[in-house]
Amino acid sequence: MTIHQLSIFVENQHGTLLRVLDILKEAGIQLVASTIADTQEYGIFRVLCSEPTRAYIILKEAGINVALTDVLAIELDNQPGRAADAIRVLSDAGVSIKYMYTFLLRGKGVMIFRADPCEKAKEAIILHKLNFIAEADLSKLV
């Protein structure tokens, strides 16, 4: 039910993001979605991609500080308020959202999030019949 996300630590210096993107490009790895959260000294570049485990290995070998994290992904109808509805289900189940980002893919909303506790989030997703996206499904959408 979880998918792998790369969390890449990039210094806030000219060219560091480009280096990461070039490495992934040369490896033929397709980005599905990404977001950057920055601090004064570095950014956390979170990436969903076509081959997360291979991307992780390649970046590590290149000396890039990267982590492979399990996150949850659910599909939402492309209508106002659907993200709020999903978050309400999780909140009512006692789940905290550590971070999230969304994007549209083939006319559907996709919400990626890290939840605590993750097991409660999984239970709520199943109980309320939310459409979760498995990693194999995400790879097929690329």
# chains A, B, ... in the order shown; residues from 1 in each chain; ligands from 1
>>> residues_around(residues="Gly107 (chain A)", least_positions_apart="3", cutoff="9 Å", atoms="only C-alpha atoms", output="MDAnalysis selection string")
chainID A and resid 77:78 104
>>> residues_around(residues="Lys120 (chain A)", least_positions_apart="4", cutoff="10 Å", atoms="only C-alpha atoms", output="JSON, numbers by chain")
{"A": [90, 93, 94, 95, 96, 115, 116, 124, 125, 126]}
>>> select_by_dssp(residues="region 3-70 of chain A", states="helix (DSSP H, G or I)", output="ChimeraX atom specification")
/A:16-26,52-61
>>> write_last_selection(atoms="C-alpha atoms", output="compact mmCIF listing (two decimals), in the first residue's frame")
# COMPACT_ATOMS: atom_id res chain seq x y z
CA THR A 16 23.22 21.23 -6.88
CA LEU A 17 19.65 20.54 -8.02
CA LEU A 18 20.78 20.38 -11.63
CA ARG A 19 23.40 17.76 -10.71
CA VAL A 20 20.71 15.53 -9.16
CA LEU A 21 18.39 15.97 -12.14
CA ASP A 22 21.20 15.23 -14.59
CA ILE A 23 22.09 12.02 -12.75
CA LEU A 24 18.48 10.85 -12.93
CA LYS A 25 18.22 11.91 -16.58
CA GLU A 26 21.37 9.98 -17.54
CA PRO A 52 12.92 4.59 -6.87
CA THR A 53 15.21 1.82 -5.62
CA ARG A 54 17.53 2.09 -8.62
CA ALA A 55 17.46 5.89 -8.37
CA TYR A 56 18.39 5.64 -4.68
CA ILE A 57 21.38 3.41 -5.45
CA ILE A 58 22.58 5.60 -8.32
CA LEU A 59 22.34 8.79 -6.26
CA LYS A 60 24.10 7.18 -3.27
CA GLU A 61 26.92 6.02 -5.55
>>> closest_residue(among="A:Lys129, A:Arg46, A:His14, A:His4", to="Tyr101 (chain A)", atoms="only C-alpha atoms")
A:Arg46
